[in-house]
$ cat query_9.pdb   # PDB, C-alpha atoms and all ligand atoms
ATOM      1  CA  THR A  80     -12.235  46.220 -55.815  1.00  0.00           C
ATOM      2  CA  ARG A  81     -13.586  44.867 -52.544  1.00  0.00           C
ATOM      3  CA  SER A  82     -11.106  43.166 -50.226  1.00  0.00           C
ATOM      4  CA  THR A  83     -11.495  39.478 -49.367  1.00  0.00           C
ATOM      5  CA  ARG A  84     -12.371  38.117 -45.916  1.00  0.00           C
ATOM      6  CA  PRO A  85      -8.853  36.694 -45.409  1.00  0.00           C
ATOM      7  CA  GLN A  86      -7.381  40.119 -46.330  1.00  0.00           C
ATOM      8  CA  ARG A  87      -9.645  41.815 -43.747  1.00  0.00           C
ATOM      9  CA  LEU A  88      -8.636  39.189 -41.158  1.00  0.00           C
ATOM     10  CA  LEU A  89      -4.925  39.848 -41.846  1.00  0.00           C
ATOM     11  CA  ALA A  90      -5.492  43.611 -41.545  1.00  0.00           C
ATOM     12  CA  ALA A  91      -7.072  43.037 -38.119  1.00  0.00           C
ATOM     13  CA  VAL A  92      -4.013  41.012 -37.043  1.00  0.00           C
ATOM     14  CA  GLN A  93      -1.584  43.690 -38.254  1.00  0.00           C
ATOM     15  CA  LYS A  94      -3.636  46.396 -36.537  1.00  0.00           C
ATOM     16  CA  ASN A  95      -4.384  44.698 -33.196  1.00  0.00           C
ATOM     17  CA  ALA A  96      -1.710  42.063 -32.564  1.00  0.00           C
ATOM     18  CA  THR A  97       1.913  42.534 -31.502  1.00  0.00           C
ATOM     19  CA  ARG A  98       4.410  41.266 -34.069  1.00  0.00           C
ATOM     20  CA  GLY A  99       6.218  38.212 -32.660  1.00  0.00           C
ATOM     21  CA  ASP A 100       3.520  37.529 -30.054  1.00  0.00           C
ATOM     22  CA  PRO A 101       1.525  34.475 -31.219  1.00  0.00           C
ATOM     23  CA  ARG A 102      -1.031  34.683 -28.397  1.00  0.00           C
ATOM     24  CA  SER A 103      -1.914  38.236 -29.410  1.00  0.00           C
ATOM     25  CA  VAL A 104      -2.380  37.027 -33.019  1.00  0.00           C
ATOM     26  CA  VAL A 105      -4.768  34.274 -31.875  1.00  0.00           C
ATOM     27  CA  LYS A 106      -6.665  36.786 -29.689  1.00  0.00           C
ATOM     28  CA  ALA A 107      -6.912  39.359 -32.497  1.00  0.00           C
ATOM     29  CA  ILE A 108      -8.342  36.785 -34.926  1.00  0.00           C
ATOM     30  CA  ASP A 109     -10.847  35.461 -32.371  1.00  0.00           C
ATOM     31  CA  GLU A 110     -12.055  38.993 -31.541  1.00  0.00           C
ATOM     32  CA  PHE A 111     -12.305  39.921 -35.232  1.00  0.00           C
ATOM     33  CA  CYS A 112     -14.305  36.763 -36.033  1.00  0.00           C
ATOM     34  CA  ARG A 113     -16.567  37.012 -32.984  1.00  0.00           C
ATOM     35  CA  TYR A 114     -17.358  40.735 -33.139  1.00  0.00           C
ATOM     36  CA  THR A 115     -16.722  41.831 -36.737  1.00  0.00           C
ATOM     37  CA  GLU A 116     -16.805  39.083 -39.344  1.00  0.00           C
ATOM     38  CA  TRP A 117     -17.192  35.306 -38.905  1.00  0.00           C
ATOM     39  CA  ALA A 118     -14.467  33.174 -40.521  1.00  0.00           C
ATOM     40  CA  MET A 119     -13.848  29.425 -40.554  1.00  0.00           C
ATOM     41  CA  ASN A 120     -10.945  29.261 -38.075  1.00  0.00           C
ATOM     42  CA  VAL A 121     -11.119  26.436 -35.542  1.00  0.00           C
ATOM     43  CA  GLY A 122     -11.741  29.219 -33.002  1.00  0.00           C
ATOM     44  CA  ASP A 123     -11.116  29.657 -29.288  1.00  0.00           C
ATOM     45  CA  GLU A 124     -13.406  26.933 -27.836  1.00  0.00           C
ATOM     46  CA  LYS A 125     -12.297  24.087 -30.117  1.00  0.00           C
ATOM     47  CA  GLY A 126      -8.835  25.698 -30.109  1.00  0.00           C
ATOM     48  CA  CYS A 127      -8.446  24.892 -26.420  1.00  0.00           C
ATOM     49  CA  ILE A 128      -9.238  21.229 -27.158  1.00  0.00           C
ATOM     50  CA  LEU A 129      -6.687  21.323 -30.016  1.00  0.00           C
ATOM     51  CA  ASP A 130      -4.108  22.794 -27.602  1.00  0.00           C
ATOM     52  CA  SER A 131      -4.705  20.032 -25.043  1.00  0.00           C
ATOM     53  CA  VAL A 132      -4.333  17.254 -27.630  1.00  0.00           C
ATOM     54  CA  VAL A 133      -1.136  18.831 -29.044  1.00  0.00           C
ATOM     55  CA  SER A 134       0.321  19.146 -25.542  1.00  0.00           C
ATOM     56  CA  GLU A 135      -0.624  15.539 -24.698  1.00  0.00           C
ATOM     57  CA  VAL A 136       0.844  14.065 -27.928  1.00  0.00           C
ATOM     58  CA  ASN A 137       3.884  16.387 -27.763  1.00  0.00           C
ATOM     59  CA  PRO A 138       4.601  15.732 -31.466  1.00  0.00           C
ATOM     60  CA  ALA A 139       7.972  16.154 -33.186  1.00  0.00           C
ATOM     61  CA  THR A 140       6.202  16.272 -36.567  1.00  0.00           C
ATOM     62  CA  VAL A 141       2.727  17.614 -37.287  1.00  0.00           C
ATOM     63  CA  LEU A 142       0.771  17.659 -40.549  1.00  0.00           C
ATOM     64  CA  GLU A 143      -2.110  20.135 -40.870  1.00  0.00           C
ATOM     65  CA  LEU A 144      -4.542  19.670 -43.749  1.00  0.00           C
ATOM     66  CA  GLY A 145      -6.176  23.010 -44.511  1.00  0.00           C
ATOM     67  CA  THR A 146      -4.269  26.131 -43.453  1.00  0.00           C
ATOM     68  CA  TYR A 147      -6.850  28.797 -44.373  1.00  0.00           C
ATOM     69  CA  CYS A 148      -5.497  31.961 -42.666  1.00  0.00           C
ATOM     70  CA  GLY A 149      -3.063  30.159 -40.381  1.00  0.00           C
ATOM     71  CA  TYR A 150      -4.976  30.481 -37.092  1.00  0.00           C
ATOM     72  CA  SER A 151      -4.634  26.834 -36.025  1.00  0.00           C
ATOM     73  CA  THR A 152      -1.150  26.733 -37.568  1.00  0.00           C
ATOM     74  CA  VAL A 153      -0.083  29.450 -35.125  1.00  0.00           C
ATOM     75  CA  ARG A 154      -1.883  27.766 -32.191  1.00  0.00           C
ATOM     76  CA  ILE A 155      -0.125  24.455 -32.858  1.00  0.00           C
ATOM     77  CA  ALA A 156       3.314  25.931 -33.664  1.00  0.00           C
ATOM     78  CA  THR A 157       3.337  27.931 -30.425  1.00  0.00           C
ATOM     79  CA  LEU A 158       3.092  24.670 -28.444  1.00  0.00           C
ATOM     80  CA  LEU A 159       5.908  22.864 -30.321  1.00  0.00           C
ATOM     81  CA  PRO A 160       9.550  22.698 -29.173  1.00  0.00           C
ATOM     82  CA  PRO A 161      12.033  24.629 -31.403  1.00  0.00           C
ATOM     83  CA  ASP A 162      13.237  21.532 -33.305  1.00  0.00           C
ATOM     84  CA  ALA A 163       9.708  20.257 -34.085  1.00  0.00           C
ATOM     85  CA  LYS A 164       8.246  20.603 -37.585  1.00  0.00           C
ATOM     86  CA  LEU A 165       4.743  21.555 -38.693  1.00  0.00           C
ATOM     87  CA  ILE A 166       3.876  21.002 -42.362  1.00  0.00           C
ATOM     88  CA  THR A 167       0.601  22.635 -43.406  1.00  0.00           C
ATOM     89  CA  LEU A 168      -1.073  22.047 -46.768  1.00  0.00           C
ATOM     90  CA  GLU A 169      -3.309  24.649 -48.422  1.00  0.00           C
ATOM     91  CA  PHE A 170      -5.035  24.187 -51.780  1.00  0.00           C
ATOM     92  CA  ASN A 171      -6.213  27.799 -52.228  1.00  0.00           C
ATOM     93  CA  PRO A 172      -3.342  30.152 -53.218  1.00  0.00           C
ATOM     94  CA  ASP A 173      -5.227  33.250 -51.985  1.00  0.00           C
ATOM     95  CA  PHE A 174      -5.543  31.679 -48.525  1.00  0.00           C
ATOM     96  CA  ALA A 175      -1.849  30.655 -48.604  1.00  0.00           C
ATOM     97  CA  VAL A 176      -0.725  34.237 -49.304  1.00  0.00           C
ATOM     98  CA  ILE A 177      -2.585  35.458 -46.203  1.00  0.00           C
ATOM     99  CA  ALA A 178      -1.569  32.513 -44.000  1.00  0.00           C
ATOM    100  CA  ARG A 179       2.138  33.100 -44.677  1.00  0.00           C
ATOM    101  CA  GLN A 180       1.759  36.694 -43.419  1.00  0.00           C
ATOM    102  CA  VAL A 181      -0.237  35.693 -40.332  1.00  0.00           C
ATOM    103  CA  ILE A 182       2.339  33.001 -39.464  1.00  0.00           C
ATOM    104  CA  ALA A 183       5.156  35.541 -40.001  1.00  0.00           C
ATOM    105  CA  TRP A 184       3.398  38.165 -37.840  1.00  0.00           C
ATOM    106  CA  ALA A 185       3.219  35.550 -35.076  1.00  0.00           C
ATOM    107  CA  GLY A 186       6.954  34.840 -35.508  1.00  0.00           C
ATOM    108  CA  GLN A 187       6.399  31.132 -36.171  1.00  0.00           C
ATOM    109  CA  GLU A 188       8.029  30.820 -39.623  1.00  0.00           C
ATOM    110  CA  GLU A 189      10.909  28.662 -38.326  1.00  0.00           C
ATOM    111  CA  LYS A 190       8.649  25.781 -37.276  1.00  0.00           C
ATOM    112  CA  VAL A 191       6.138  26.000 -40.131  1.00  0.00           C
ATOM    113  CA  HIS A 192       6.423  24.784 -43.708  1.00  0.00           C
ATOM    114  CA  LEU A 193       3.377  25.847 -45.748  1.00  0.00           C
ATOM    115  CA  VAL A 194       2.989  23.813 -48.948  1.00  0.00           C
ATOM    116  CA  GLU A 195       0.473  24.801 -51.632  1.00  0.00           C
ATOM    117  CA  GLY A 196      -1.378  22.027 -53.362  1.00  0.00           C
ATOM    118  CA  SER A 197      -3.974  19.305 -52.856  1.00  0.00           C
ATOM    119  CA  SER A 198      -3.617  16.874 -49.964  1.00  0.00           C
ATOM    120  CA  GLY A 199      -4.434  13.929 -52.249  1.00  0.00           C
ATOM    121  CA  ASP A 200      -1.422  14.769 -54.433  1.00  0.00           C
ATOM    122  CA  LEU A 201       0.975  15.893 -51.705  1.00  0.00           C
ATOM    123  CA  ILE A 202       0.494  13.259 -48.993  1.00  0.00           C
ATOM    124  CA  PRO A 203       1.895  10.389 -51.089  1.00  0.00           C
ATOM    125  CA  LYS A 204       4.931  12.587 -51.865  1.00  0.00           C
ATOM    126  CA  MET A 205       5.560  13.465 -48.200  1.00  0.00           C
ATOM    127  CA  LYS A 206       8.008  10.613 -47.725  1.00  0.00           C
ATOM    128  CA  GLU A 207      10.483  11.587 -50.478  1.00  0.00           C
ATOM    129  CA  GLN A 208       9.947  15.381 -50.404  1.00  0.00           C
ATOM    130  CA  PHE A 209      10.136  15.949 -46.645  1.00  0.00           C
ATOM    131  CA  GLY A 210      11.762  12.718 -45.475  1.00  0.00           C
ATOM    132  CA  VAL A 211       8.846  12.188 -43.143  1.00  0.00           C
ATOM    133  CA  LYS A 212       7.488   8.646 -43.275  1.00  0.00           C
ATOM    134  CA  SER A 213       4.732   9.305 -40.766  1.00  0.00           C
ATOM    135  CA  PHE A 214       3.515  12.193 -38.613  1.00  0.00           C
ATOM    136  CA  ASP A 215       3.020  12.101 -34.861  1.00  0.00           C
ATOM    137  CA  LEU A 216      -0.130  14.229 -35.199  1.00  0.00           C
ATOM    138  CA  VAL A 217      -2.375  15.085 -38.166  1.00  0.00           C
ATOM    139  CA  PHE A 218      -4.955  17.896 -37.871  1.00  0.00           C
ATOM    140  CA  LEU A 219      -7.665  17.448 -40.515  1.00  0.00           C
ATOM    141  CA  ASP A 220      -9.379  20.755 -41.200  1.00  0.00           C
ATOM    142  CA  HIS A 221      -9.851  20.897 -44.959  1.00  0.00           C
ATOM    143  CA  TRP A 222     -12.711  19.809 -47.231  1.00  0.00           C
ATOM    144  CA  LYS A 223     -14.788  17.191 -45.462  1.00  0.00           C
ATOM    145  CA  ASP A 224     -15.006  14.790 -48.402  1.00  0.00           C
ATOM    146  CA  ARG A 225     -11.193  14.505 -48.295  1.00  0.00           C
ATOM    147  CA  TYR A 226     -11.003  13.343 -44.646  1.00  0.00           C
ATOM    148  CA  LEU A 227     -11.543   9.626 -45.318  1.00  0.00           C
ATOM    149  CA  PRO A 228      -9.447   9.215 -48.478  1.00  0.00           C
ATOM    150  CA  ASP A 229      -6.598  11.210 -46.911  1.00  0.00           C
ATOM    151  CA  ALA A 230      -6.760   9.238 -43.642  1.00  0.00           C
ATOM    152  CA  LYS A 231      -6.397   6.050 -45.687  1.00  0.00           C
ATOM    153  CA  LEU A 232      -3.303   7.517 -47.385  1.00  0.00           C
ATOM    154  CA  MET A 233      -1.738   8.046 -43.947  1.00  0.00           C
ATOM    155  CA  GLU A 234      -2.303   4.753 -42.148  1.00  0.00           C
ATOM    156  CA  ALA A 235       1.251   4.614 -40.828  1.00  0.00           C
ATOM    157  CA  GLY A 236       1.009   5.530 -37.186  1.00  0.00           C
ATOM    158  CA  SER A 237      -0.413   8.920 -36.300  1.00  0.00           C
ATOM    159  CA  VAL A 238      -2.910  10.499 -33.992  1.00  0.00           C
ATOM    160  CA  LEU A 239      -5.622  12.039 -36.173  1.00  0.00           C
ATOM    161  CA  LEU A 240      -7.550  15.061 -34.889  1.00  0.00           C
ATOM    162  CA  ALA A 241     -10.406  16.133 -37.154  1.00  0.00           C
ATOM    163  CA  ASP A 242     -12.306  19.427 -37.008  1.00  0.00           C
ATOM    164  CA  ASN A 243     -15.971  19.832 -38.045  1.00  0.00           C
ATOM    165  CA  VAL A 244     -17.021  16.216 -37.695  1.00  0.00           C
ATOM    166  CA  ILE A 245     -20.578  17.468 -36.948  1.00  0.00           C
ATOM    167  CA  CYS A 246     -20.761  20.817 -38.781  1.00  0.00           C
ATOM    168  CA  PRO A 247     -20.299  20.793 -41.754  1.00  0.00           C
ATOM    169  CA  GLY A 248     -19.813  17.084 -40.894  1.00  0.00           C
ATOM    170  CA  SER A 249     -17.869  14.159 -42.273  1.00  0.00           C
ATOM    171  CA  PRO A 250     -20.124  11.124 -41.714  1.00  0.00           C
ATOM    172  CA  ASP A 251     -18.135   8.627 -43.778  1.00  0.00           C
ATOM    173  CA  TYR A 252     -14.917   9.547 -41.937  1.00  0.00           C
ATOM    174  CA  LEU A 253     -16.611   9.322 -38.516  1.00  0.00           C
ATOM    175  CA  ASP A 254     -18.129   5.951 -39.354  1.00  0.00           C
ATOM    176  CA  TYR A 255     -14.753   4.636 -40.484  1.00  0.00           C
ATOM    177  CA  VAL A 256     -12.606   5.754 -37.540  1.00  0.00           C
ATOM    178  CA  ARG A 257     -15.285   4.802 -34.964  1.00  0.00           C
ATOM    179  CA  ASN A 258     -15.807   1.287 -36.341  1.00  0.00           C
ATOM    180  CA  SER A 259     -12.379   0.322 -37.689  1.00  0.00           C
ATOM    181  CA  PRO A 260     -10.254  -1.945 -35.438  1.00  0.00           C
ATOM    182  CA  LYS A 261      -7.268   0.134 -36.575  1.00  0.00           C
ATOM    183  CA  TYR A 262      -8.337   3.169 -34.519  1.00  0.00           C
ATOM    184  CA  ARG A 263      -9.366   4.100 -30.984  1.00  0.00           C
ATOM    185  CA  SER A 264     -11.613   7.115 -31.480  1.00  0.00           C
ATOM    186  CA  GLN A 265     -12.885   9.764 -29.064  1.00  0.00           C
ATOM    187  CA  TYR A 266     -15.326  12.635 -29.621  1.00  0.00           C
ATOM    188  CA  PHE A 267     -14.758  16.053 -28.008  1.00  0.00           C
ATOM    189  CA  LYS A 268     -18.111  17.835 -28.069  1.00  0.00           C
ATOM    190  CA  SER A 269     -17.885  21.582 -28.650  1.00  0.00           C
ATOM    191  CA  HIS A 270     -19.441  24.279 -30.868  1.00  0.00           C
ATOM    192  CA  LEU A 271     -18.922  25.603 -34.362  1.00  0.00           C
ATOM    193  CA  GLU A 272     -16.419  28.440 -34.052  1.00  0.00           C
ATOM    194  CA  TYR A 273     -17.920  31.685 -32.664  1.00  0.00           C
ATOM    195  CA  THR A 274     -21.464  30.186 -32.614  1.00  0.00           C
ATOM    196  CA  LYS A 275     -23.823  28.096 -30.427  1.00  0.00           C
ATOM    197  CA  VAL A 276     -24.205  25.437 -33.137  1.00  0.00           C
ATOM    198  CA  GLU A 277     -22.952  21.993 -32.096  1.00  0.00           C
ATOM    199  CA  ASP A 278     -19.680  20.799 -33.582  1.00  0.00           C
ATOM    200  CA  GLY A 279     -16.759  18.797 -32.262  1.00  0.00           C
ATOM    201  CA  LEU A 280     -13.324  17.317 -32.781  1.00  0.00           C
ATOM    202  CA  GLU A 281     -12.712  13.589 -33.239  1.00  0.00           C
ATOM    203  CA  LYS A 282      -9.386  12.233 -31.960  1.00  0.00           C
ATOM    204  CA  SER A 283      -8.431   8.871 -33.472  1.00  0.00           C
ATOM    205  CA  VAL A 284      -5.319   6.994 -32.345  1.00  0.00           C
ATOM    206  CA  PHE A 285      -3.927   4.636 -35.003  1.00  0.00           C
ATOM    207  CA  LEU A 286      -3.338   1.240 -33.373  1.00  0.00           C
ATOM    208  CA  GLY A 287      -1.082  -0.190 -36.066  1.00  0.00           C
TER     209      GLY A 287
HETATM  210  O1  LIG B   1     -14.377  24.996 -39.384  1.00  0.00           O
HETATM  211  C1  LIG B   1     -15.036  25.044 -40.593  1.00  0.00           C
HETATM  212  C2  LIG B   1     -16.338  25.516 -40.701  1.00  0.00           C
HETATM  213  C3  LIG B   1     -16.974  25.545 -41.953  1.00  0.00           C
HETATM  214  C4  LIG B   1     -18.372  26.061 -42.049  1.00  0.00           C
HETATM  215  C5  LIG B   1     -18.750  26.923 -43.074  1.00  0.00           C
HETATM  216  C6  LIG B   1     -20.039  27.416 -43.150  1.00  0.00           C
HETATM  217  C7  LIG B   1     -20.980  27.046 -42.176  1.00  0.00           C
HETATM  218  F1  LIG B   1     -22.221  27.536 -42.236  1.00  0.00           F
HETATM  219  C8  LIG B   1     -20.612  26.189 -41.137  1.00  0.00           C
HETATM  220  C9  LIG B   1     -19.310  25.692 -41.080  1.00  0.00           C
HETATM  221  C10 LIG B   1     -16.300  25.130 -43.092  1.00  0.00           C
HETATM  222  C11 LIG B   1     -14.984  24.644 -42.997  1.00  0.00           C
HETATM  223  C12 LIG B   1     -14.270  24.210 -44.133  1.00  0.00           C
HETATM  224  C13 LIG B   1     -12.969  23.758 -43.983  1.00  0.00           C
HETATM  225  C14 LIG B   1     -12.407  23.717 -42.698  1.00  0.00           C
HETATM  226  N1  LIG B   1     -13.068  24.123 -41.603  1.00  0.00           N
HETATM  227  C15 LIG B   1     -14.339  24.592 -41.731  1.00  0.00           C
HETATM  228 MG    MG B   2     -12.610  23.773 -39.457  1.00  0.00          MG
END

$ encode --input "query_9.pdb" --output "structure tokens" --more "lines below"
Ligand SMILES: Oc1cc(-c2ccc(F)cc2)cc2cccnc12
Ligand SMILES: [Mg+2]
Amino acid sequence: TRSTRPQRLLAAVQKNATRGDPRSVVKAIDEFCRYTEWAMNVGDEKGCILDSVVSEVNPATVLELGTYCGYSTVRIATLLPPDAKLITLEFNPDFAVIARQVIAWAGQEEKVHLVEGSSGDLIPKMKEQFGVKSFDLVFLDHWKDRYLPDAKLMEAGSVLLADNVICPGSPDYLDYVRNSPKYRSQYFKSHLEYTKVEDGLEKSVFLG
């Protein structure tokens, strides 16, 4: 039977990237998605904005909502010091299977803990299960109707960085973080991965 898009993306990584070299994994995925088959990774343009926010926050603990094939997981993990922790949640088991192999190919397994399940169920359990009361940085890149309810579950001191606030869009989330006194919000205008369509990242600092 026909392979899936994540399986074809993994094959491109294993063919074109050097095992243990995360930058070559990122490059292989970007080239595959730009020239062969589009996929919903944050991509190279928004990825550079993600890199700059990660470097600025310099987080000891990161939560990523929505792993997909592990592209942004690898980008973030590469920027973290050895003792930092990145927990990434993925609802779709077929995506998780691929992401684990992409993360392993990039040699980032030590810093990454991929947990399968829904963010709505797992976030409340974060405290007891991972002993993490709050995260220094949260990257929201999962289903857009989960952004607002999940942000409300995490109002305990994080920097939130949300992908796709324009396309596909998360209007209720944007309205909330831009108008709530609890956040200082900033929009980084960019484009939908591998396209000329407008999209952007919204960075929202929780003010406590
Ligand atoms: O970066 C993303 C992009 C899209 C997307 C899909 C089809 C389109 F025509 C446009 C955008 C969906 C996502 C779903 C979850 C996390 N990220 C996404
Ligand atoms: Mg996205």

$ resolve_selection --input "query_9.pdb" --expression "the PyMOL selection byres (((chain A and resi 153-160) around 7) and not hetatm)" --output "list of chain:residue names"
A:Pro101, A:Asp130, A:Val133, A:Ser134, A:Gly149, A:Tyr150, A:Ser151, A:Thr152, A:Pro161, A:Asp162, A:Ala163, A:Leu165, A:Ile182, A:Ala185, A:Gln187, A:Lys190

$ closest_atom_pairs --input "query_9.pdb" --of "chain A" --to "ligand MG 2 (chain B)" --cutoff "8 Å" --atoms "all atoms listed in the file" --output "tab-separated table"
residue	atom	partner	partner_atom	distance
A:Met119	CA	B:MG2	MG	5.9
A:Asn120	CA	B:MG2	MG	5.9
A:Val121	CA	B:MG2	MG	5.0
A:Asp220	CA	B:MG2	MG	4.8
A:His221	CA	B:MG2	MG	6.8
A:Asp242	CA	B:MG2	MG	5.0
A:Asn243	CA	B:MG2	MG	5.4

$ closest_residue --input "query_9.pdb" --among "A:Lys231, A:Lys125, A:Lys206, A:Lys164" --to "A:Glu143" --atoms "only C-alpha atoms"
A:Lys164

$ closest_residue --input "query_9.pdb" --among "A:Tyr255, A:Trp222, A:Phe285, A:Trp117" --to "ligand LIG 1 (chain B)" --atoms "all atoms listed in the file"
A:Trp222

$ closest_residue --input "query_9.pdb" --among "A:Gly145, A:Pro85, A:Gly99, A:Pro138" --to "ligand LIG 1 (chain B)" --atoms "only C-alpha atoms and all ligand atoms"
A:Gly145

$ atom_distance --input "query_9.pdb" --atom1 "atom CA of A:Arg225" --atom2 "atom CA of A:Val238"
17.0 Å

$ axis_aligned_box --input "query_9.pdb" --around "ligand LIG 1 (chain B)" --padding-each-side "3 Å" --output "JSON"
{"center_x": -17.3, "center_y": 25.6, "center_z": -41.8, "size_x": 15.8, "size_y": 9.8, "size_z": 10.7}

$ residues_around --input "query_9.pdb" --residues "A:Val194" --least-positions-apart "6" --cutoff "10 Å" --atoms "all atoms listed in the file" --output "CSV table (one decimal) with C-alpha atoms, in the frame of the given file"
chain,number,residue,atom,x,y,z
A,146,THR,CA,-4.3,26.1,-43.5
A,166,ILE,CA,3.9,21.0,-42.4
A,167,THR,CA,0.6,22.6,-43.4
A,168,LEU,CA,-1.1,22.0,-46.8
A,169,GLU,CA,-3.3,24.6,-48.4
A,170,PHE,CA,-5.0,24.2,-51.8
A,172,PRO,CA,-3.3,30.2,-53.2
A,175,ALA,CA,-1.8,30.7,-48.6
A,201,LEU,CA,1.0,15.9,-51.7

$ closest_residue --input "query_9.pdb" --among "A:Leu253, A:Ile177, A:Val276, A:Val104" --to "ligand LIG 1 (chain B)" --atoms "only C-alpha atoms and all ligand atoms"
A:Val276

$ build_atoms --input "query_9.pdb" --residues "stretch 176-183 of chain A" --atoms "all heavy atoms" --output "PDB file, in the coordinates of the input"
ATOM      1  N   VAL A 176      -1.397  32.918 -49.345  1.00  0.00           N
ATOM      2  CA  VAL A 176      -0.725  34.237 -49.304  1.00  0.00           C
ATOM      3  C   VAL A 176      -0.971  34.916 -47.953  1.00  0.00           C
ATOM      4  O   VAL A 176      -0.068  35.475 -47.338  1.00  0.00           O
ATOM      5  CB  VAL A 176      -1.238  35.131 -50.463  1.00  0.00           C
ATOM      6  CG1 VAL A 176      -0.935  36.592 -50.202  1.00  0.00           C
ATOM      7  CG2 VAL A 176      -0.650  34.676 -51.781  1.00  0.00           C
ATOM      8  N   ILE A 177      -2.215  34.833 -47.479  1.00  0.00           N
ATOM      9  CA  ILE A 177      -2.585  35.458 -46.203  1.00  0.00           C
ATOM     10  C   ILE A 177      -1.970  34.672 -45.032  1.00  0.00           C
ATOM     11  O   ILE A 177      -1.382  35.251 -44.119  1.00  0.00           O
ATOM     12  CB  ILE A 177      -4.126  35.514 -46.061  1.00  0.00           C
ATOM     13  CG1 ILE A 177      -4.753  36.367 -47.177  1.00  0.00           C
ATOM     14  CG2 ILE A 177      -4.518  36.000 -44.674  1.00  0.00           C
ATOM     15  CD1 ILE A 177      -4.326  37.830 -47.200  1.00  0.00           C
ATOM     16  N   ALA A 178      -2.074  33.352 -45.098  1.00  0.00           N
ATOM     17  CA  ALA A 178      -1.569  32.513 -44.000  1.00  0.00           C
ATOM     18  C   ALA A 178      -0.077  32.751 -43.762  1.00  0.00           C
ATOM     19  O   ALA A 178       0.368  32.857 -42.613  1.00  0.00           O
ATOM     20  CB  ALA A 178      -1.829  31.046 -44.298  1.00  0.00           C
ATOM     21  N   ARG A 179       0.687  32.886 -44.834  1.00  0.00           N
ATOM     22  CA  ARG A 179       2.138  33.100 -44.677  1.00  0.00           C
ATOM     23  C   ARG A 179       2.404  34.376 -43.873  1.00  0.00           C
ATOM     24  O   ARG A 179       3.290  34.419 -43.018  1.00  0.00           O
ATOM     25  CB  ARG A 179       2.827  33.208 -46.048  1.00  0.00           C
ATOM     26  CG  ARG A 179       2.871  31.917 -46.828  1.00  0.00           C
ATOM     27  CD  ARG A 179       3.719  32.036 -48.097  1.00  0.00           C
ATOM     28  NE  ARG A 179       3.439  30.969 -49.044  1.00  0.00           N
ATOM     29  CZ  ARG A 179       3.886  29.709 -48.900  1.00  0.00           C
ATOM     30  NH1 ARG A 179       4.620  29.399 -47.852  1.00  0.00           N
ATOM     31  NH2 ARG A 179       3.575  28.779 -49.784  1.00  0.00           N
ATOM     32  N   GLN A 180       1.557  35.407 -44.109  1.00  0.00           N
ATOM     33  CA  GLN A 180       1.759  36.694 -43.419  1.00  0.00           C
ATOM     34  C   GLN A 180       1.296  36.624 -41.967  1.00  0.00           C
ATOM     35  O   GLN A 180       1.890  37.221 -41.082  1.00  0.00           O
ATOM     36  CB  GLN A 180       1.055  37.810 -44.186  1.00  0.00           C
ATOM     37  CG  GLN A 180       1.619  38.019 -45.596  1.00  0.00           C
ATOM     38  CD  GLN A 180       0.805  39.021 -46.394  1.00  0.00           C
ATOM     39  OE1 GLN A 180       0.919  40.230 -46.206  1.00  0.00           O
ATOM     40  NE2 GLN A 180      -0.017  38.510 -47.301  1.00  0.00           N
ATOM     41  N   VAL A 181       0.232  35.859 -41.713  1.00  0.00           N
ATOM     42  CA  VAL A 181      -0.237  35.693 -40.332  1.00  0.00           C
ATOM     43  C   VAL A 181       0.805  34.913 -39.519  1.00  0.00           C
ATOM     44  O   VAL A 181       1.157  35.286 -38.404  1.00  0.00           O
ATOM     45  CB  VAL A 181      -1.612  34.969 -40.297  1.00  0.00           C
ATOM     46  CG1 VAL A 181      -1.976  34.539 -38.876  1.00  0.00           C
ATOM     47  CG2 VAL A 181      -2.697  35.863 -40.889  1.00  0.00           C
ATOM     48  N   ILE A 182       1.335  33.834 -40.122  1.00  0.00           N
ATOM     49  CA  ILE A 182       2.339  33.001 -39.464  1.00  0.00           C
ATOM     50  C   ILE A 182       3.602  33.832 -39.197  1.00  0.00           C
ATOM     51  O   ILE A 182       4.195  33.754 -38.117  1.00  0.00           O
ATOM     52  CB  ILE A 182       2.646  31.759 -40.333  1.00  0.00           C
ATOM     53  CG1 ILE A 182       1.426  30.830 -40.393  1.00  0.00           C
ATOM     54  CG2 ILE A 182       3.883  31.013 -39.816  1.00  0.00           C
ATOM     55  CD1 ILE A 182       1.426  29.870 -41.578  1.00  0.00           C
ATOM     56  N   ALA A 183       3.976  34.677 -40.168  1.00  0.00           N
ATOM     57  CA  ALA A 183       5.156  35.541 -40.001  1.00  0.00           C
ATOM     58  C   ALA A 183       4.912  36.568 -38.896  1.00  0.00           C
ATOM     59  O   ALA A 183       5.775  36.798 -38.043  1.00  0.00           O
ATOM     60  CB  ALA A 183       5.475  36.247 -41.318  1.00  0.00           C
TER      61      ALA A 183
END
